$ cat target.cif   # mmCIF, C-alpha atoms
data_run
#
loop_
_atom_site.label_atom_id
_atom_site.label_comp_id
_atom_site.auth_asym_id
_atom_site.auth_seq_id
_atom_site.Cartn_x
_atom_site.Cartn_y
_atom_site.Cartn_z
CA ILE U 26 0.00 0.00 0.00
CA ALA U 27 2.91 2.36 0.74
CA THR U 28 4.17 1.71 -2.79
CA ALA U 29 0.73 2.44 -4.23
CA ARG U 30 0.69 5.92 -2.65
CA SER U 31 3.73 6.93 -4.70
CA ALA U 32 2.72 5.12 -7.91
CA ASP U 33 1.60 6.75 -11.16
CA LEU U 34 -0.80 3.91 -11.96
CA VAL U 35 -2.40 1.13 -9.91
CA LEU U 36 -3.20 -2.19 -11.59
CA ILE U 37 -5.82 -4.17 -9.70
CA MET U 38 -5.82 -7.84 -10.72
CA LEU U 39 -9.20 -9.53 -10.35
CA ASP U 40 -10.26 -13.13 -10.80
CA ALA U 41 -13.04 -13.37 -13.41
CA THR U 42 -14.94 -15.76 -11.15
CA LYS U 43 -14.67 -13.51 -8.06
CA ALA U 44 -14.31 -10.00 -9.51
CA GLU U 45 -17.56 -8.64 -8.07
CA VAL U 46 -16.42 -9.54 -4.54
CA GLN U 47 -12.73 -8.63 -4.87
CA LYS U 48 -13.16 -5.16 -6.41
CA PRO U 49 -15.07 -3.46 -3.54
CA LEU U 50 -12.80 -5.08 -0.93
CA LEU U 51 -9.62 -3.82 -2.60
CA GLU U 52 -11.09 -0.37 -3.22
CA LYS U 53 -12.16 -0.09 0.42
CA GLU U 54 -8.66 -1.05 1.57
CA LEU U 55 -7.08 1.64 -0.62
CA GLU U 56 -9.69 4.25 0.34
CA SER U 57 -8.91 3.67 4.03
CA VAL U 58 -5.28 4.74 3.53
CA GLY U 59 -6.14 7.86 1.54
CA ILE U 60 -5.84 6.59 -2.04
CA ARG U 61 -8.55 7.79 -4.42
CA LEU U 62 -8.76 5.78 -7.63
CA ASN U 63 -9.61 7.40 -10.98
CA LYS U 64 -10.70 10.62 -9.30
CA LYS U 65 -9.52 14.19 -9.69
CA PRO U 66 -8.72 16.38 -6.66
CA PRO U 67 -11.75 18.49 -5.69
CA ASP U 68 -11.60 22.04 -6.99
CA VAL U 69 -11.52 23.59 -3.52
CA TYR U 70 -9.09 26.28 -2.37
CA LEU U 71 -8.26 26.17 1.35
CA LYS U 72 -5.63 28.46 2.85
CA PRO U 73 -5.07 28.65 6.64
CA LYS U 74 -4.21 32.04 8.09
CA LYS U 75 -3.13 33.39 11.48
CA ALA U 76 -6.21 35.50 12.20
CA GLY U 77 -9.43 36.81 10.71
CA GLY U 78 -11.74 33.85 11.27
CA LEU U 79 -13.33 31.67 8.60
CA ALA U 80 -14.29 32.96 5.16
CA PHE U 81 -16.39 30.61 3.01
CA THR U 82 -17.17 31.31 -0.66
CA ALA U 83 -18.88 29.07 -3.21
CA THR U 84 -18.79 29.94 -6.90
CA VAL U 85 -21.29 27.19 -7.86
CA PRO U 86 -24.58 25.97 -6.31
CA LEU U 87 -23.87 23.33 -3.63
CA THR U 88 -26.19 20.37 -3.10
CA HIS U 89 -24.17 18.36 -0.57
CA LEU U 90 -22.31 21.03 1.42
CA ASN U 91 -23.22 24.36 2.96
CA GLU U 92 -21.40 27.06 4.91
CA LYS U 93 -22.58 25.85 8.32
CA LEU U 94 -21.53 22.27 7.64
CA ALA U 95 -18.15 23.39 6.32
CA TYR U 96 -17.55 25.47 9.47
CA GLY U 97 -18.44 22.46 11.63
CA ILE U 98 -15.94 20.25 9.78
CA LEU U 99 -13.20 22.87 10.04
CA HIS U 100 -13.80 23.28 13.78
CA GLU U 101 -13.54 19.49 14.21
CA TYR U 102 -10.05 19.74 12.71
CA LYS U 103 -9.25 22.75 14.95
CA ILE U 104 -9.05 25.13 11.98
CA HIS U 105 -10.50 28.48 13.09
CA ASN U 106 -8.82 30.87 10.66
CA CYS U 107 -8.79 30.15 6.94
CA ASP U 108 -10.15 31.10 3.52
CA VAL U 109 -12.24 28.51 1.66
CA VAL U 110 -13.29 28.83 -1.98
CA VAL U 111 -15.40 25.99 -3.40
CA ARG U 112 -15.46 25.89 -7.21
CA GLN U 113 -17.40 22.65 -7.74
CA ASP U 114 -20.32 20.80 -6.16
CA VAL U 115 -18.28 18.68 -3.73
CA THR U 116 -19.58 16.11 -1.26
CA VAL U 117 -18.85 16.18 2.46
CA ASP U 118 -16.29 13.38 2.05
CA GLU U 119 -14.50 15.27 -0.72
CA PHE U 120 -14.37 18.40 1.43
CA ILE U 121 -12.89 16.36 4.30
CA ASP U 122 -10.27 15.02 1.87
CA VAL U 123 -9.27 18.63 1.10
CA VAL U 124 -9.06 19.48 4.81
CA GLU U 125 -6.97 16.38 5.53
CA GLY U 126 -4.62 17.34 2.70
CA ASN U 127 -2.92 13.94 2.45
CA ARG U 128 -5.00 12.17 -0.17
CA GLN U 129 -3.41 10.64 -3.26
CA TYR U 130 -5.37 10.71 -6.52
CA ILE U 131 -4.06 7.87 -8.68
CA ARG U 132 -5.13 6.42 -12.00
CA CYS U 133 -6.23 2.79 -11.93
CA LEU U 134 -6.81 -0.08 -14.35
CA TYR U 135 -8.83 -3.16 -13.42
CA VAL U 136 -7.34 -6.27 -15.04
CA VAL U 137 -9.77 -9.20 -15.05
CA ASN U 138 -7.72 -12.40 -15.36
CA LYS U 139 -8.87 -15.98 -16.18
CA VAL U 140 -11.47 -14.84 -18.70
CA ASP U 141 -10.92 -18.17 -20.47
CA SER U 142 -12.76 -19.86 -17.59
CA VAL U 143 -16.02 -17.93 -18.13
CA SER U 144 -18.30 -17.28 -21.09
CA ILE U 145 -18.08 -14.22 -23.33
CA GLU U 146 -21.46 -13.09 -21.98
CA GLU U 147 -20.07 -13.19 -18.44
CA VAL U 148 -17.03 -11.15 -19.48
CA ASP U 149 -19.31 -8.52 -21.04
CA ARG U 150 -21.48 -8.46 -17.90
CA LEU U 151 -18.43 -8.05 -15.65
CA ALA U 152 -17.09 -5.19 -17.76
CA ARG U 153 -20.42 -3.34 -17.47
CA ILE U 154 -20.59 -3.88 -13.70
CA LEU U 155 -16.96 -2.98 -12.96
CA ASN U 156 -17.06 0.16 -15.11
CA PRO U 157 -20.67 1.24 -15.68
CA ALA U 158 -19.76 4.34 -17.73
CA PRO U 159 -18.64 3.13 -21.19
CA THR U 160 -17.15 5.50 -23.72
CA ARG U 161 -19.03 6.53 -26.87
CA ALA U 162 -17.13 3.87 -28.79
CA GLY U 163 -18.58 1.23 -26.48
CA THR U 164 -15.27 0.26 -24.86
CA TRP U 165 -14.63 0.17 -21.15
CA ARG U 166 -11.87 2.58 -20.26
CA ASP U 167 -10.75 1.12 -16.94
CA VAL U 168 -11.42 -2.62 -17.36
CA VAL U 169 -9.17 -4.93 -19.38
CA PRO U 170 -10.06 -8.66 -19.63
CA VAL U 171 -7.01 -10.93 -20.03
CA SER U 172 -5.91 -14.53 -19.73
CA CYS U 173 -2.31 -14.83 -18.55
CA SER U 174 -2.19 -18.59 -19.18
CA LEU U 175 -3.31 -18.19 -22.82
CA ARG U 176 -1.50 -14.84 -23.33
CA LEU U 177 -4.86 -13.40 -24.37
CA ASN U 178 -5.26 -9.60 -24.70
CA ILE U 179 -1.81 -8.86 -23.23
CA GLU U 180 -0.77 -6.42 -25.97
CA PRO U 181 -3.94 -4.31 -25.62
CA LEU U 182 -3.28 -4.24 -21.86
CA VAL U 183 0.21 -2.82 -22.45
CA GLU U 184 -1.25 -0.20 -24.79
CA ARG U 185 -3.92 0.72 -22.24
CA ILE U 186 -1.26 1.09 -19.53
CA TRP U 187 0.73 3.42 -21.79
CA THR U 188 -2.36 5.50 -22.56
CA LYS U 189 -3.39 5.65 -18.91
CA LEU U 190 0.07 6.81 -17.81
CA ALA U 191 -0.12 9.67 -20.37
CA LEU U 192 3.55 9.40 -21.30
CA CYS U 193 5.29 10.99 -24.25
CA ARG U 194 8.11 9.54 -26.37
CA VAL U 195 10.61 12.01 -27.81
CA TYR U 196 13.27 10.81 -30.24
CA THR U 197 16.59 12.61 -30.48
CA LYS U 198 18.55 13.34 -33.64
CA ARG U 199 22.19 14.21 -34.18
CA ARG U 200 23.23 16.55 -36.96
CA GLY U 201 23.74 14.67 -40.21
CA SER U 202 22.33 11.36 -38.93
CA MET U 203 18.99 9.58 -38.67
CA PRO U 204 16.85 9.87 -35.51
CA ASP U 205 17.47 7.32 -32.76
CA PHE U 206 14.16 5.43 -32.80
CA ALA U 207 15.53 2.63 -30.60
CA ASP U 208 16.00 4.65 -27.42
CA PRO U 209 13.45 7.48 -26.97
CA LEU U 210 13.19 9.90 -24.07
CA VAL U 211 10.11 8.96 -22.03
CA LEU U 212 8.55 12.08 -20.50
CA ARG U 213 5.25 13.21 -19.04
CA SER U 214 2.50 14.33 -21.39
CA GLY U 215 2.67 18.10 -21.84
CA CYS U 216 6.47 18.16 -21.62
CA THR U 217 8.44 20.97 -23.24
CA VAL U 218 11.72 21.16 -25.11
CA GLN U 219 13.31 22.28 -21.85
CA ASP U 220 12.11 19.11 -20.10
CA ALA U 221 13.57 16.99 -22.91
CA CYS U 222 16.86 18.86 -22.72
CA ARG U 223 17.04 18.27 -18.97
CA ALA U 224 16.48 14.55 -19.56
CA ILE U 225 19.53 14.49 -21.86
CA HIS U 226 21.75 16.76 -19.76
CA LYS U 227 20.92 19.72 -17.54
CA SER U 228 23.43 21.96 -19.35
CA LEU U 229 21.35 21.74 -22.54
CA ALA U 230 18.39 23.35 -20.74
CA ASP U 231 20.50 26.32 -19.66
CA PRO U 232 19.28 29.41 -21.61
CA THR U 233 22.88 30.63 -21.81
CA GLN U 234 23.87 27.41 -23.63
CA PHE U 235 20.67 26.62 -25.59
CA ARG U 236 20.36 28.23 -29.00
CA TYR U 237 17.27 26.59 -30.56
CA ALA U 238 15.80 23.18 -31.40
CA MET U 239 14.47 21.70 -34.61
CA VAL U 240 11.38 19.55 -34.12
CA TRP U 241 9.58 17.16 -36.47
CA GLY U 242 6.19 15.72 -35.51
CA ARG U 243 2.61 16.45 -34.50
CA SER U 244 3.48 19.41 -32.27
CA THR U 245 4.76 21.51 -35.17
CA LYS U 246 2.99 23.53 -37.86
CA HIS U 247 5.54 22.43 -40.46
CA ASN U 248 8.42 19.94 -40.55
CA PRO U 249 10.93 20.79 -39.31
CA GLN U 250 10.10 23.78 -37.15
CA ARG U 251 12.57 25.92 -35.24
CA VAL U 252 11.39 26.23 -31.63
CA GLY U 253 12.50 27.47 -28.23
CA LEU U 254 12.63 25.93 -24.77
CA ALA U 255 8.95 26.57 -24.05
CA HIS U 256 7.66 24.60 -27.07
CA GLU U 257 5.34 21.75 -25.98
CA LEU U 258 6.20 18.38 -27.48
CA ALA U 259 3.82 15.63 -28.63
CA ASP U 260 4.22 11.87 -28.55
CA GLU U 261 6.80 10.52 -31.03
CA ASP U 262 8.24 13.92 -31.92
CA VAL U 263 11.82 14.08 -33.18
CA MET U 264 14.07 16.77 -31.69
CA GLN U 265 17.48 18.12 -32.59
CA VAL U 266 19.15 20.58 -30.20
CA PHE U 267 21.59 23.33 -31.25
CA LYS U 268 23.89 24.95 -28.67
CA LYS U 269 25.47 28.38 -28.78
#
$ encode --input "target.cif" --output "structure tokens"
Amino acid sequence: IATARSADLVLIMLDATKAEVQKPLLEKELESVGIRLNKKPPDVYLKPKKAGGLAFTATVPLTHLNEKLAYGILHEYKIHNCDVVVRQDVTVDEFIDVVEGNRQYIRCLYVVNKVDSVSIEEVDRLARILNPAPTRAGTWRDVVPVSCSLRLNIEPLVERIWTKLALCRVYTKRRGSMPDFADPLVLRSGCTVQDACRAIHKSLADPTQFRYAMVWGRSTKHNPQRVGLAHELADEDVMQVFKK
């Protein structure tokens, strides 16, 4: 569980014959230690201060929380001076999570193993129960049925893990040579040229050393494009760095 708190993605392995029982038990165990699966942090601003009392502001209509209830929760946690701005319709539990301040919001994939031991109708039923909100394409975003013994659906699982992690591959290129497609830089989605330079060597990201970069790929308007450190890269871009 301690490892899960610092992970980027949690894979929960379920037995196809016991998935309906195992899933709530595992989720409850992770919830009890402050791990929130496939949830975003509540859009609530809370800033303690030394004096001035409590100031509560809501920018949206609230159906689960009100000012009096929020004050009661804050007093329970011995917080008597703070500013609170609620920007979404949060529940009481979500507001408590904000007050606690130690919750981890982690992406999760449910991997249903041993699907070869049940019928295709049962697999479809499990997918609908485990993730009742299918996408428009009809696929289940957070449930992947597999069979480890038959090596069934393993490659789609790897692809789903990659998508869920939201990683970005950036290939480097030396002057006068082909790009190195065998060993890409693996960075977070939304990374910039500066992040890629730091991954190669921190001196390359120094504005006094960096001149410009040439980038080929989906992030550019034309190929190649001359860009600066702030340019945001896309998956499978090719980058060539020029120093002063």
$ closest_residue --input "target.cif" --among "U:Leu212, U:Ala83, U:Ile131, U:Ala224" --to "Thr28 of chain U" --atoms "only C-alpha atoms"
U:Ile131
$ axis_aligned_box --input "target.cif" --around "segment 65-75 of chain U" --padding-each-side "8 Å" --output "lines of an AutoDock Vina configuration file"
center_x = -7.4
center_y = 23.8
center_z = 0.9
size_x = 24.6
size_y = 35.2
size_z = 37.2
$ atom_distance --input "target.cif" --atom1 "atom CA of Arg30 of chain U" --atom2 "atom CA of Asp167 of chain U"
18.9 Å
$ closest_residue --input "target.cif" --among "U:Asp108, U:Gly215, U:Gly242, U:Val266" --to "Ala230 of chain U" --atoms "all atoms listed in the file"
U:Val266
$ residues_around --input "target.cif" --residues "segment 194-199 of chain U" --least-positions-apart "6" --cutoff "7 Å" --atoms "all atoms listed in the file" --output "list in words"
Asp205, Phe206, Pro209, Leu210, Val211, Leu212, Asp260, Glu261, Asp262, Val263, Met264 and Gln265 of chain U
$ write_last_selection --input "target.cif" --atoms "C-alpha atoms" --output "PDB file, keeping the file's coordinate frame"
ATOM      1  CA  ASP U 205      17.470   7.320 -32.760  1.00  0.00           C
ATOM      2  CA  PHE U 206      14.160   5.430 -32.800  1.00  0.00           C
ATOM      3  CA  PRO U 209      13.450   7.480 -26.970  1.00  0.00           C
ATOM      4  CA  LEU U 210      13.190   9.900 -24.070  1.00  0.00           C
ATOM      5  CA  VAL U 211      10.110   8.960 -22.030  1.00  0.00           C
ATOM      6  CA  LEU U 212       8.550  12.080 -20.500  1.00  0.00           C
ATOM      7  CA  ASP U 260       4.220  11.870 -28.550  1.00  0.00           C
ATOM      8  CA  GLU U 261       6.800  10.520 -31.030  1.00  0.00           C
ATOM      9  CA  ASP U 262       8.240  13.920 -31.920  1.00  0.00           C
ATOM     10  CA  VAL U 263      11.820  14.080 -33.180  1.00  0.00           C
ATOM     11  CA  MET U 264      14.070  16.770 -31.690  1.00  0.00           C
ATOM     12  CA  GLN U 265      17.480  18.120 -32.590  1.00  0.00           C
TER      13      GLN U 265
END
